[in-house]
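Asker: Handing over upload.tsv, TSV, C-alpha atoms and all ligand atoms.
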chain	number	residue	atom	x	y	z
A	1	MET	CA	107.55	83.77	121.33
A	2	LEU	CA	104.27	83.80	123.20
A	3	LEU	CA	101.29	83.71	120.90
A	4	VAL	CA	97.64	83.67	121.86
A	5	ALA	CA	96.18	80.56	120.29
A	6	THR	CA	92.94	80.74	118.34
A	7	SER	CA	90.36	78.29	119.58
A	8	CYS	CA	90.04	75.00	117.73
A	9	CYS	CA	86.55	75.74	116.51
A	10	GLU	CA	86.91	79.32	115.41
A	11	LYS	CA	86.11	79.91	111.75
A	12	LYS	CA	88.79	81.23	109.41
A	13	ALA	CA	88.47	84.80	108.20
A	14	LYS	CA	86.94	84.75	104.73
A	15	TYR	CA	86.65	88.53	104.55
A	16	VAL	CA	89.68	90.52	105.69
A	17	PHE	CA	89.94	94.27	106.21
A	18	TYR	CA	93.40	95.67	106.90
A	19	PHE	CA	93.24	99.36	107.82
A	20	ILE	CA	96.45	101.36	108.10
A	21	GLY	CA	96.25	104.85	109.56
A	22	ASP	CA	99.42	106.39	108.21
A	23	GLY	CA	101.21	108.16	111.05
A	24	MET	CA	98.45	107.32	113.54
A	25	GLY	CA	100.10	106.80	116.92
A	26	PHE	CA	98.40	106.25	120.27
A	27	SER	CA	98.19	110.02	120.86
A	28	HIS	CA	96.50	110.72	117.51
A	29	VAL	CA	93.79	108.32	118.62
A	30	ALA	CA	93.66	109.84	122.12
A	31	VAL	CA	93.37	113.43	120.92
A	32	THR	CA	90.59	112.46	118.49
A	33	GLU	CA	88.69	110.75	121.32
A	34	ALA	CA	89.19	113.81	123.52
A	35	PHE	CA	87.82	115.94	120.68
A	36	LYS	CA	84.70	113.76	120.45
A	37	ALA	CA	84.11	114.36	124.16
A	38	VAL	CA	84.54	118.12	123.67
A	39	GLU	CA	81.92	117.93	120.93
A	40	LYS	CA	79.52	116.68	123.62
A	41	GLY	CA	80.64	119.45	125.95
A	42	GLU	CA	82.51	117.06	128.23
A	43	ILE	CA	86.02	116.43	129.49
A	44	GLY	CA	86.82	112.83	128.66
A	45	SER	CA	87.31	110.30	125.88
A	46	GLU	CA	84.52	109.34	123.49
A	47	PRO	CA	85.48	106.09	121.76
A	48	LEU	CA	85.87	105.79	118.02
A	49	THR	CA	84.43	102.78	116.19
A	50	PHE	CA	87.73	100.96	116.03
A	51	THR	CA	88.82	101.73	119.60
A	52	GLN	CA	85.82	99.72	120.79
A	53	PHE	CA	87.14	96.57	119.13
A	54	PRO	CA	87.76	93.91	121.79
A	55	ILE	CA	91.38	93.16	120.94
A	56	LEU	CA	94.13	95.69	121.53
A	57	GLY	CA	97.82	95.17	120.89
A	58	MET	CA	100.88	97.22	120.07
A	59	ALA	CA	103.43	96.88	117.30
A	60	THR	CA	107.05	97.98	117.17
A	61	THR	CA	107.92	99.80	113.96
A	62	TYR	CA	111.71	100.11	113.51
A	63	SER	CA	113.15	99.43	110.04
A	64	THR	CA	116.32	97.58	109.09
A	65	ASN	CA	118.52	100.67	109.11
A	66	HIS	CA	116.64	103.21	111.26
A	67	PHE	CA	114.83	103.04	114.57
A	68	ILE	CA	112.48	105.65	113.08
A	69	THR	CA	110.87	104.09	110.03
A	70	CYS	CA	109.57	105.72	106.88
A	71	SER	CA	106.25	104.70	105.35
A	72	SER	CA	107.74	102.45	102.67
A	73	ALA	CA	109.87	100.38	105.06
A	74	ALA	CA	106.91	100.13	107.45
A	75	GLY	CA	104.49	99.41	104.60
A	76	THR	CA	106.80	96.66	103.36
A	77	ALA	CA	106.88	95.13	106.86
A	78	LEU	CA	103.09	95.35	107.17
A	79	ALA	CA	102.54	93.91	103.68
A	80	THR	CA	105.25	91.26	103.42
A	81	GLY	CA	106.33	90.43	106.99
A	82	THR	CA	109.93	91.40	106.23
A	83	LYS	CA	111.80	94.51	107.33
A	84	THR	CA	113.70	96.64	104.86
A	85	CYS	CA	115.60	99.94	104.73
A	86	ASN	CA	113.92	103.33	104.79
A	87	GLY	CA	113.06	104.44	101.27
A	88	MET	CA	112.72	100.89	99.90
A	89	LEU	CA	109.42	99.39	98.82
A	90	GLY	CA	108.51	95.71	98.59
A	91	VAL	CA	112.13	94.59	98.40
A	92	THR	CA	114.74	93.39	100.91
A	93	PRO	CA	117.75	95.63	101.70
A	94	ASP	CA	119.65	93.77	98.94
A	95	THR	CA	116.73	94.57	96.57
A	96	THR	CA	115.26	91.08	96.29
A	97	SER	CA	111.53	91.26	95.61
A	98	LEU	CA	109.18	90.27	98.43
A	99	THR	CA	105.67	88.86	98.18
A	100	ALA	CA	102.94	90.91	99.84
A	101	ILE	CA	100.04	89.07	101.47
A	102	SER	CA	97.68	90.63	98.93
A	103	TYR	CA	99.27	88.29	96.35
A	104	LYS	CA	98.89	85.31	98.70
A	105	PHE	CA	95.19	86.09	99.14
A	106	HIS	CA	94.76	86.54	95.40
A	107	ASP	CA	96.52	83.25	94.67
A	108	ALA	CA	94.15	81.61	97.14
A	109	GLY	CA	91.18	82.80	95.08
A	110	ARG	CA	90.18	85.81	97.19
A	111	LYS	CA	89.41	89.07	95.46
A	112	VAL	CA	91.71	91.95	96.41
A	113	GLY	CA	91.18	95.68	96.89
A	114	ILE	CA	93.91	98.27	97.56
A	115	ILE	CA	92.74	101.69	98.72
A	116	SER	CA	94.34	104.91	99.91
A	117	SER	CA	93.23	108.45	100.58
A	118	VAL	CA	96.51	109.60	99.02
A	119	THR	CA	97.91	108.38	95.68
A	120	ILE	CA	97.60	104.66	95.03
A	121	ASP	CA	101.27	104.52	94.05
A	122	HIS	CA	102.28	105.99	97.44
A	123	ALA	CA	104.37	104.00	99.97
A	124	THR	CA	101.63	102.20	101.90
A	125	PRO	CA	99.39	101.04	99.03
A	126	GLY	CA	102.48	100.48	96.87
A	127	SER	CA	103.86	98.05	99.46
A	128	PHE	CA	100.95	95.74	98.69
A	129	TYR	CA	101.73	95.33	94.99
A	130	ALA	CA	105.04	96.92	93.95
A	131	HIS	CA	108.76	96.21	94.23
A	132	ASN	CA	111.20	99.06	93.94
A	133	PRO	CA	114.43	100.08	95.70
A	134	SER	CA	113.05	103.63	95.69
A	135	ARG	CA	109.63	104.57	97.01
A	136	SER	CA	109.69	107.78	94.99
A	137	ASP	CA	109.91	106.01	91.62
A	138	TYR	CA	106.16	106.56	91.32
A	139	TYR	CA	105.83	105.88	87.61
A	140	ALA	CA	107.55	102.48	87.81
A	141	ILE	CA	105.50	101.63	90.92
A	142	ALA	CA	102.27	102.56	89.13
A	143	LYS	CA	103.26	100.42	86.13
A	144	GLU	CA	103.30	97.36	88.41
A	145	LEU	CA	99.68	97.94	89.42
A	146	PRO	CA	98.00	96.45	86.33
A	147	GLU	CA	100.29	93.42	86.43
A	148	THR	CA	98.72	92.31	89.73
A	149	GLY	CA	95.29	91.49	88.39
A	150	PHE	CA	93.86	92.70	91.71
A	151	GLU	CA	90.22	93.55	91.16
A	152	PHE	CA	89.89	96.93	92.87
A	153	PHE	CA	92.09	99.97	93.39
A	154	GLY	CA	90.72	103.23	94.69
A	155	GLY	CA	91.32	106.61	96.23
A	156	GLY	CA	93.77	109.27	95.16
A	157	GLY	CA	95.18	109.15	91.65
A	158	PHE	CA	98.71	108.65	90.38
A	159	ALA	CA	101.60	110.85	91.56
A	160	THR	CA	103.31	111.13	88.17
A	161	PRO	CA	100.98	109.63	85.54
A	162	PHE	CA	103.36	110.63	82.72
A	163	GLY	CA	106.63	109.91	84.54
A	164	LYS	CA	108.99	112.22	86.41
A	165	GLU	CA	109.74	114.29	83.31
A	166	ASP	CA	106.17	114.15	81.99
A	167	SER	CA	107.58	112.33	78.99
A	168	GLU	CA	106.39	108.74	79.43
A	169	ARG	CA	103.34	106.97	78.10
A	170	SER	CA	100.19	107.75	80.10
A	171	ILE	CA	99.66	105.38	83.01
A	172	TYR	CA	95.93	105.58	82.27
A	173	GLU	CA	96.53	104.10	78.81
A	174	ILE	CA	98.71	101.37	80.28
A	175	VAL	CA	96.16	100.27	82.88
A	176	ALA	CA	93.36	100.33	80.28
A	177	GLU	CA	95.40	98.15	77.95
A	178	ARG	CA	95.77	95.65	80.80
A	179	GLY	CA	92.03	95.37	81.29
A	180	TYR	CA	91.36	97.97	84.00
A	181	THR	CA	88.45	100.35	83.82
A	182	VAL	CA	89.17	103.75	85.37
A	183	SER	CA	86.23	105.62	86.87
A	184	TYR	CA	86.24	109.29	87.81
A	185	GLY	CA	83.85	110.30	90.60
A	186	ILE	CA	80.94	108.44	92.12
A	187	GLU	CA	78.49	108.79	89.23
A	188	ASP	CA	81.01	107.46	86.75
A	189	TYR	CA	81.89	104.62	89.11
A	190	LEU	CA	78.26	103.56	89.46
A	191	ALA	CA	77.80	103.66	85.69
A	192	LEU	CA	80.89	101.54	84.97
A	193	LYS	CA	81.19	99.06	87.84
A	194	ASP	CA	78.87	96.37	86.45
A	195	SER	CA	80.58	96.18	83.09
A	196	THR	CA	84.08	95.34	84.32
A	197	ASP	CA	85.85	92.89	86.61
A	198	LYS	CA	88.81	95.17	87.37
A	199	ILE	CA	88.35	98.80	88.29
A	200	ILE	CA	90.32	101.81	89.51
A	201	MET	CA	88.04	104.25	91.33
A	202	LEU	CA	89.34	107.81	91.31
A	203	GLN	CA	88.14	111.30	92.07
A	204	GLU	CA	86.20	113.27	89.46
A	205	LYS	CA	88.35	114.69	86.68
A	206	GLY	CA	89.45	118.25	87.35
A	207	LYS	CA	89.59	117.73	91.13
A	208	GLU	CA	92.80	117.52	93.13
A	209	GLU	CA	94.52	114.53	91.53
A	210	ASN	CA	96.75	113.32	94.29
A	211	ILE	CA	94.61	112.92	97.38
A	212	LEU	CA	91.02	112.62	98.43
A	213	PRO	CA	90.20	116.01	99.90
A	214	TYR	CA	90.71	116.63	103.58
A	215	LEU	CA	87.48	116.15	105.48
A	216	LYS	CA	87.30	119.92	105.90
A	217	ASP	CA	87.45	120.43	102.13
A	218	VAL	CA	85.02	117.73	101.00
A	219	GLY	CA	82.73	119.26	98.42
A	220	LYS	CA	79.79	118.13	96.36
A	221	ASN	CA	80.57	114.98	94.31
A	222	ASP	CA	83.88	114.40	96.11
A	223	ILE	CA	84.46	110.81	97.04
A	224	THR	CA	85.43	110.00	100.61
A	225	LEU	CA	87.53	107.14	101.96
A	226	ALA	CA	84.36	105.61	103.45
A	227	GLN	CA	82.65	105.67	100.04
A	228	VAL	CA	85.63	103.99	98.40
A	229	VAL	CA	85.68	101.24	101.05
A	230	ASP	CA	81.92	100.80	100.64
A	231	ALA	CA	82.31	100.54	96.86
A	232	ALA	CA	85.13	98.01	97.26
A	233	VAL	CA	83.11	95.81	99.63
A	234	LYS	CA	80.22	95.64	97.15
A	235	PHE	CA	82.50	95.15	94.16
A	236	LEU	CA	84.56	92.39	95.77
A	237	ASP	CA	81.92	90.51	97.76
A	238	ASN	CA	81.87	86.91	96.53
A	239	GLU	CA	81.68	83.31	97.73
A	240	LYS	CA	85.44	82.91	98.19
A	241	GLY	CA	85.90	86.10	100.19
A	242	PHE	CA	88.14	89.14	99.84
A	243	PHE	CA	91.13	91.04	101.20
A	244	ILE	CA	90.88	94.83	101.42
A	245	MET	CA	93.73	97.10	102.52
A	246	ALA	CA	92.67	100.70	103.10
A	247	GLU	CA	95.05	103.44	104.12
A	248	GLY	CA	94.15	106.68	105.86
A	249	GLY	CA	97.10	108.49	104.31
A	250	THR	CA	96.05	112.04	105.07
A	251	ILE	CA	96.47	111.56	108.85
A	252	ASP	CA	100.22	111.45	108.18
A	253	TRP	CA	100.14	114.46	105.87
A	254	ALA	CA	98.25	116.58	108.43
A	255	ALA	CA	100.58	115.49	111.24
A	256	HIS	CA	103.66	116.28	109.12
A	257	SER	CA	102.32	119.84	109.05
A	258	ASN	CA	101.69	119.69	112.82
A	259	ASP	CA	98.13	120.60	111.89
A	260	LEU	CA	96.02	119.63	114.90
A	261	ALA	CA	92.56	120.24	113.43
A	262	ASN	CA	93.22	118.21	110.28
A	263	THR	CA	94.98	115.46	112.23
A	264	ILE	CA	91.80	115.03	114.25
A	265	PHE	CA	89.45	115.39	111.28
A	266	GLU	CA	91.40	112.88	109.16
A	267	THR	CA	91.40	110.37	112.03
A	268	LEU	CA	87.61	110.79	112.19
A	269	ASP	CA	87.44	110.29	108.42
A	270	PHE	CA	89.50	107.10	108.78
A	271	ASP	CA	87.14	105.92	111.53
A	272	ALA	CA	84.16	106.53	109.23
A	273	ALA	CA	85.74	104.21	106.65
A	274	ILE	CA	86.27	101.56	109.34
A	275	GLU	CA	82.61	101.89	110.29
A	276	VAL	CA	81.73	100.65	106.79
A	277	ALA	CA	83.78	97.52	107.46
A	278	TYR	CA	82.28	97.16	110.92
A	279	LYS	CA	78.76	97.15	109.42
A	280	PHE	CA	79.87	94.38	107.06
A	281	TYR	CA	81.34	92.51	110.04
A	282	GLN	CA	77.99	92.69	111.83
A	283	LEU	CA	76.42	90.81	108.89
A	284	HIS	CA	79.18	88.16	108.82
A	285	PRO	CA	80.69	88.16	112.32
A	286	ASP	CA	82.10	84.62	112.20
A	287	GLU	CA	83.91	85.07	108.91
A	288	THR	CA	85.15	88.67	108.97
A	289	LEU	CA	88.40	89.98	110.43
A	290	ILE	CA	89.12	93.69	110.80
A	291	VAL	CA	92.63	94.76	111.80
A	292	VAL	CA	93.41	98.45	112.34
A	293	THR	CA	96.95	99.67	112.88
A	294	ALA	CA	99.46	102.31	111.80
A	295	ASP	CA	102.80	102.24	110.05
A	296	HIS	CA	104.47	104.67	112.50
A	297	GLU	CA	103.71	107.76	114.52
A	298	THR	CA	104.02	111.20	112.90
A	299	GLY	CA	104.69	114.53	114.58
A	300	GLY	CA	105.34	113.39	118.15
A	301	ILE	CA	102.00	114.85	119.14
A	302	ALA	CA	101.50	115.30	122.89
A	303	LEU	CA	98.32	116.05	124.84
A	304	GLY	CA	99.75	118.83	126.98
A	305	LYS	CA	102.74	121.02	126.32
A	306	THR	CA	103.54	123.55	129.02
A	307	THR	CA	103.37	123.11	132.77
A	308	GLY	CA	100.00	122.80	134.43
A	309	TYR	CA	96.87	120.97	133.36
A	310	ASN	CA	95.68	123.15	130.53
A	311	PHE	CA	94.24	121.16	127.62
A	312	ASP	CA	91.45	122.69	125.60
A	313	LEU	CA	90.18	121.58	122.18
A	314	THR	CA	87.39	124.17	122.03
A	315	ILE	CA	89.12	125.96	119.18
A	316	VAL	CA	89.13	122.75	117.11
A	317	LYS	CA	85.43	122.32	117.81
A	318	GLU	CA	84.81	125.85	116.56
A	319	ILE	CA	86.67	125.09	113.35
A	320	PHE	CA	84.73	121.82	112.98
A	321	ASP	CA	81.38	123.53	113.57
A	322	LYS	CA	82.12	126.10	110.91
A	323	ILE	CA	82.98	123.35	108.43
A	324	GLU	CA	79.79	121.48	109.32
A	325	ASN	CA	77.79	124.65	108.76
A	326	GLY	CA	79.39	125.07	105.36
A	327	ASP	CA	80.95	128.31	106.51
A	328	LYS	CA	84.62	127.46	106.12
A	329	ASN	CA	85.83	131.00	105.72
A	330	ALA	CA	84.03	132.44	108.71
A	331	ASP	CA	86.11	133.93	111.52
A	332	ILE	CA	87.00	131.70	114.43
A	333	GLU	CA	86.15	133.14	117.83
A	334	THR	CA	89.60	133.18	119.32
A	335	GLY	CA	88.61	135.31	122.27
A	336	GLU	CA	91.18	137.84	121.17
A	337	SER	CA	90.55	141.02	119.31
A	338	PRO	CA	90.91	141.85	116.60
A	339	ASP	CA	90.20	138.41	115.15
A	340	VAL	CA	93.73	137.05	114.88
A	341	PHE	CA	92.87	134.58	112.11
A	342	SER	CA	92.12	137.39	109.72
A	343	TYR	CA	95.75	138.39	109.36
A	344	MET	CA	97.54	135.08	109.96
A	345	SER	CA	99.02	132.87	107.27
A	346	GLU	CA	97.81	129.28	107.12
A	347	LYS	CA	101.02	128.19	108.84
A	348	GLU	CA	100.51	130.68	111.64
A	349	ILE	CA	96.91	129.55	112.13
A	350	ILE	CA	98.08	125.93	112.38
A	351	SER	CA	100.55	126.74	115.13
A	352	TYR	CA	98.07	129.08	116.86
A	353	VAL	CA	95.51	126.26	117.09
A	354	SER	CA	97.97	123.85	118.72
A	355	ASP	CA	99.20	126.57	121.11
A	356	LYS	CA	95.67	127.48	122.09
A	357	ALA	CA	94.83	123.82	122.76
A	358	ASN	CA	98.19	123.32	124.54
A	359	ILE	CA	99.11	120.49	122.18
A	360	GLY	CA	102.81	119.83	121.66
A	361	TRP	CA	104.63	118.48	118.61
A	362	THR	CA	108.22	117.28	118.70
A	363	THR	CA	108.92	116.94	114.98
A	364	MET	CA	107.59	117.54	111.47
A	365	SER	CA	108.71	114.00	110.65
A	366	HIS	CA	108.05	110.57	112.15
A	367	THR	CA	108.87	109.24	115.62
A	368	GLY	CA	109.98	105.75	116.62
A	369	GLY	CA	107.27	104.81	119.10
A	370	ALA	CA	105.16	101.68	118.94
A	371	VAL	CA	101.73	101.94	117.32
A	372	PRO	CA	98.38	100.51	118.39
A	373	VAL	CA	96.74	97.44	116.84
A	374	PHE	CA	92.97	96.98	117.14
A	375	ALA	CA	91.12	93.87	115.95
A	376	ILE	CA	87.71	92.27	115.87
A	377	GLY	CA	86.28	89.12	114.34
A	378	ALA	CA	87.59	85.78	113.12
A	379	GLY	CA	91.13	85.18	114.38
A	380	SER	CA	91.28	88.58	116.09
A	381	SER	CA	92.74	87.11	119.31
A	382	LEU	CA	96.01	86.70	117.39
A	383	PHE	CA	96.48	90.47	117.57
A	384	SER	CA	96.50	90.86	121.33
A	385	GLY	CA	99.59	92.03	123.20
A	386	ARG	CA	103.03	93.01	121.99
A	387	MET	CA	104.14	92.28	118.44
A	388	ASP	CA	106.40	93.58	115.73
A	389	ASN	CA	104.97	95.12	112.56
A	390	THR	CA	106.31	92.11	110.61
A	391	ASP	CA	104.11	89.78	112.71
A	392	ILE	CA	100.87	91.42	111.57
A	393	PRO	CA	100.69	90.09	107.97
A	394	LYS	CA	101.72	86.62	109.18
A	395	ARG	CA	98.91	86.61	111.72
A	396	ILE	CA	96.41	87.90	109.15
A	397	CYS	CA	97.28	84.96	106.91
A	398	LYS	CA	96.96	82.59	109.85
A	399	ALA	CA	93.55	84.00	110.74
A	400	ALA	CA	92.45	83.55	107.13
A	401	GLY	CA	93.84	80.03	106.77
A	402	ILE	CA	96.29	81.13	104.11
A	403	GLU	CA	99.81	79.79	104.12
A	404	PHE	CA	102.33	82.54	104.74
B	501	ZN	ZN	104.99	110.37	106.79
Starting from the file, lay out its structure as structure tokens.

Answerer:
Amino acid sequence: MLLVATSCCEKKAKYVFYFIGDGMGFSHVAVTEAFKAVEKGEIGSEPLTFTQFPILGMATTYSTNHFITCSSAAGTALATGTKTCNGMLGVTPDTTSLTAISYKFHDAGRKVGIISSVTIDHATPGSFYAHNPSRSDYYAIAKELPETGFEFFGGGGFATPFGKEDSERSIYEIVAERGYTVSYGIEDYLALKDSTDKIIMLQEKGKEENILPYLKDVGKNDITLAQVVDAAVKFLDNEKGFFIMAEGGTIDWAAHSNDLANTIFETLDFDAAIEVAYKFYQLHPDETLIVVTADHETGGIALGKTTGYNFDLTIVKEIFDKIENGDKNADIETGESPDVFSYMSEKEIISYVSDKANIGWTTMSHTGGAVPVFAIGAGSSLFSGRMDNTDIPKRICKAAGIEF
């Protein structure tokens, strides 16, 4: 296999950021860039932070038993370098446990942070610490978290903190017993972070437990993915370096609903989190590696649906402007009267927005296309060109000088 060699004198990556945009295919990136141009009143593509990284590659995503992967098989490939069957997490098809690179980094003395905008026992984050033949065994997956000793977890909460039947011991008690401090909201985090060496940073109590709010719903005191990444960088920064995996999980959720506006907004939110890492990179350019990729594409989103050249994201801009102005419930100017949004269900609005923009969707599930890989920093040349998703963790280890 052809590999681009790193130069002899290049430094190893001491600080590694591994960003996974769940469901973020090439077209999710393209439509978000087109939206940024529309924001400026132009037809075109305004680059995101991560699309300006100098290295661009593509990764194939198929799993052991399906050309179209699910998030746990893809997460396992991205975390361990081994393919498995859809539905399985951190284990081979014959259920042998695999070792994620997060463990290899930890064993090498690096501090480790695992972050997601959805629950931290979900498929992608779970792939970096858990081993289970079933990705939906959330309680058992969560119980593996405190056994890792990884220093930082953050984002959404736990899917079933008391087990499937609500009859098990609280996961919060279990993690506390194993030396983890759990913080709820930014104020609480700031008050607790200096008195512990292992922390789980969650949303304020009483808020939506499972995910960080969609960008459009972010309210006062809500934590964002960018804030969690920022907190992790500060918490984990040390002489020996760190490994941070951060998932933009809500891109996938929005795309599963074929929800154009939220697909774009969540990709922007993901980019804002990457900007935090990019600022860190600018301070330590020789020793920082940032890799941005996706586990698979979701929705089969297409920029153009019917014949002709119609493509218009103005309606998404109107929705965005109303959110920015704090006027979420205001009517959208659809150009039709009476205001059609006033009598539509949320589902109807979602499909109206895509129709109006002339955006197509082929599925409410995943597709089997390759996904983009963007990289910058120490060892980033390893991520150029065509690769398989199982190559990515191997190359990250190589870039960091850690034996795979
Ligand atoms: Zn999905």

Asker: Find, counting all atoms listed in the file, the residue in A:Ile376, A:Leu225, A:Ile315, A:Ala79 that gets nearest to A:Val38.

Answerer: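 Checking each of A:Ile376, A:Leu225, A:Ile315, A:Ala79 against A:Val38, counting all atoms listed in the file, the winner is A:Ile315.
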
Asker: What do you get as a list in words if you pick all residues at most 9 Å from ligand ZN 501 (chain B), counting all atoms listed in the file?

Answerer: Asp22, Gly23, Cys70, Ser71, Gly249, Ile251, Asp252, Trp253, Ala255, His256, His296, Glu297, Thr298, Gly299, Met364, Ser365 and His366 of chain A

Asker: Every residue with an atom at most 6 Å from (86.6, 87.3, 101.0) (file coordinates; all atoms listed in the file) is what I'm after, so could you write them as a PDB file with C-alpha atoms, in the coordinates of the input?

Answerer:
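So out14.pdb came out as:
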ATOM      1  CA  LYS A  14      86.940  84.750 104.730  1.00  0.00           C
ATOM      2  CA  TYR A  15      86.650  88.530 104.550  1.00  0.00           C
ATOM      3  CA  ARG A 110      90.180  85.810  97.190  1.00  0.00           C
ATOM      4  CA  LYS A 240      85.440  82.910  98.190  1.00  0.00           C
ATOM      5  CA  GLY A 241      85.900  86.100 100.190  1.00  0.00           C
ATOM      6  CA  PHE A 242      88.140  89.140  99.840  1.00  0.00           C
ATOM      7  CA  PHE A 243      91.130  91.040 101.200  1.00  0.00           C
TER       8      PHE A 243
END

Asker: Which of these, A:His122, A:Lys205, A:Lys40, A:Lys104, has the shortest distance to A:Lys398 once you count all atoms listed in the file?

Answerer: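 Nearest candidate to A:Lys398 out of A:His122, A:Lys205, A:Lys40, A:Lys104: A:Lys104.
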
Asker: Can you tell me, as a short mmCIF file (atom, residue, chain, number, x, y, z; two decimals) with C-alpha atoms, keeping the file's coordinate frame, what residues are no more than 7 Å from A:Ala59 when counting all atoms listed in the file, ignoring any on the same chain fewer than 5 positions away?

Answerer:
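out_16.cif, written as the output of this step:
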data_model
loop_
_atom_site.label_atom_id
_atom_site.label_comp_id
_atom_site.auth_asym_id
_atom_site.auth_seq_id
_atom_site.Cartn_x
_atom_site.Cartn_y
_atom_site.Cartn_z
CA ALA A 370 105.16 101.68 118.94
CA VAL A 371 101.73 101.94 117.32
CA PRO A 372 98.38 100.51 118.39
CA VAL A 373 96.74 97.44 116.84
CA ARG A 386 103.03 93.01 121.99
CA MET A 387 104.14 92.28 118.44
CA ASP A 388 106.40 93.58 115.73
CA ASN A 389 104.97 95.12 112.56
#

Asker: Grab the atom CA of A:Pro93 to atom CA of A:Thr124 distance for me, in Å with one decimal place.

Answerer: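 Here the two named atoms are 17.4 Å from each other.
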
Asker: How many Å separate atom CA of A:Phe265 from atom CA of A:Val118?

Answerer: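 Interatomic distance, atom CA of A:Phe265 to atom CA of A:Val118: 15.3 Å.
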
Asker: Which residues come within 12 Å of A:Arg135, counting all atoms listed in the file, excluding same-chain residues fewer than 3 positions away, as a PyMOL selection string?

Answerer: chain A and resi 70-76+84-91+121-127+130-132+138-142+159

Asker: Now that the selection is made, can you save its residues with C-alpha atoms as a JSON list (two decimals), in the coordinates of the input?

Answerer:
[["chain", "number", "residue", "atom", "x", "y", "z"],
["A", 70, "CYS", "CA", 109.57, 105.72, 106.88],
["A", 71, "SER", "CA", 106.25, 104.70, 105.35],
["A", 72, "SER", "CA", 107.74, 102.45, 102.67],
["A", 73, "ALA", "CA", 109.87, 100.38, 105.06],
["A", 74, "ALA", "CA", 106.91, 100.13, 107.45],
["A", 75, "GLY", "CA", 104.49, 99.41, 104.60],
["A", 76, "THR", "CA", 106.80, 96.66, 103.36],
["A", 84, "THR", "CA", 113.70, 96.64, 104.86],
["A", 85, "CYS", "CA", 115.60, 99.94, 104.73],
["A", 86, "ASN", "CA", 113.92, 103.33, 104.79],
["A", 87, "GLY", "CA", 113.06, 104.44, 101.27],
["A", 88, "MET", "CA", 112.72, 100.89, 99.90],
["A", 89, "LEU", "CA", 109.42, 99.39, 98.82],
["A", 90, "GLY", "CA", 108.51, 95.71, 98.59],
["A", 91, "VAL", "CA", 112.13, 94.59, 98.40],
["A", 121, "ASP", "CA", 101.27, 104.52, 94.05],
["A", 122, "HIS", "CA", 102.28, 105.99, 97.44],
["A", 123, "ALA", "CA", 104.37, 104.00, 99.97],
["A", 124, "THR", "CA", 101.63, 102.20, 101.90],
["A", 125, "PRO", "CA", 99.39, 101.04, 99.03],
["A", 126, "GLY", "CA", 102.48, 100.48, 96.87],
["A", 127, "SER", "CA", 103.86, 98.05, 99.46],
["A", 130, "ALA", "CA", 105.04, 96.92, 93.95],
["A", 131, "HIS", "CA", 108.76, 96.21, 94.23],
["A", 132, "ASN", "CA", 111.20, 99.06, 93.94],
["A", 138, "TYR", "CA", 106.16, 106.56, 91.32],
["A", 139, "TYR", "CA", 105.83, 105.88, 87.61],
["A", 140, "ALA", "CA", 107.55, 102.48, 87.81],
["A", 141, "ILE", "CA", 105.50, 101.63, 90.92],
["A", 142, "ALA", "CA", 102.27, 102.56, 89.13],
["A", 159, "ALA", "CA", 101.60, 110.85, 91.56]]

Asker: Report the distance between atom CA of A:Leu289 and atom CA of A:Ala378 in Å, rounded to one decimal place.

Answerer: 5.1 Å

Asker: Give me the residues within 8 Å of A:Leu212 as a PDB file with C-alpha atoms, in the coordinates of the input, counting all atoms listed in the file and dropping any in the same chain fewer than 6 places off.

Answerer:
ATOM      1  CA  SER A 117      93.230 108.450 100.580  1.00  0.00           C
ATOM      2  CA  VAL A 118      96.510 109.600  99.020  1.00  0.00           C
ATOM      3  CA  GLY A 155      91.320 106.610  96.230  1.00  0.00           C
ATOM      4  CA  GLY A 156      93.770 109.270  95.160  1.00  0.00           C
ATOM      5  CA  GLN A 203      88.140 111.300  92.070  1.00  0.00           C
ATOM      6  CA  ASP A 222      83.880 114.400  96.110  1.00  0.00           C
ATOM      7  CA  ILE A 223      84.460 110.810  97.040  1.00  0.00           C
ATOM      8  CA  THR A 224      85.430 110.000 100.610  1.00  0.00           C
ATOM      9  CA  LEU A 225      87.530 107.140 101.960  1.00  0.00           C
TER      10      LEU A 225
END

Asker: Contacts of A:Lys317 at 10 Å or less, counting all atoms listed in the file, minus same-chain residues fewer than 3 places along, as a list in words?

Answerer: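 Counting all atoms listed in the file, the residues come to Phe35, Lys36, Val38, Glu39, Gly41, Ala261, Asp312, Leu313, Thr314, Phe320, Asp321, Lys322 and Ile323 of chain A.
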
Asker: Compare A:Ala13, A:Ala246, A:Val182, A:Val276 by their minimum atom-to-atom distance to A:Lys234, counting all atoms listed in the file, and give me the closest one.

Answerer: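 Using all atoms listed in the file, A:Lys234 sits closest to A:Val276.
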
Asker: Counting only C-alpha atoms, figure out which residue out of A:Gly157, A:Gly368, A:Gly300, A:Gly113 gets nearest to A:Val16.

Answerer: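 Ranked by minimum distance to A:Val16, first place goes to A:Gly113.
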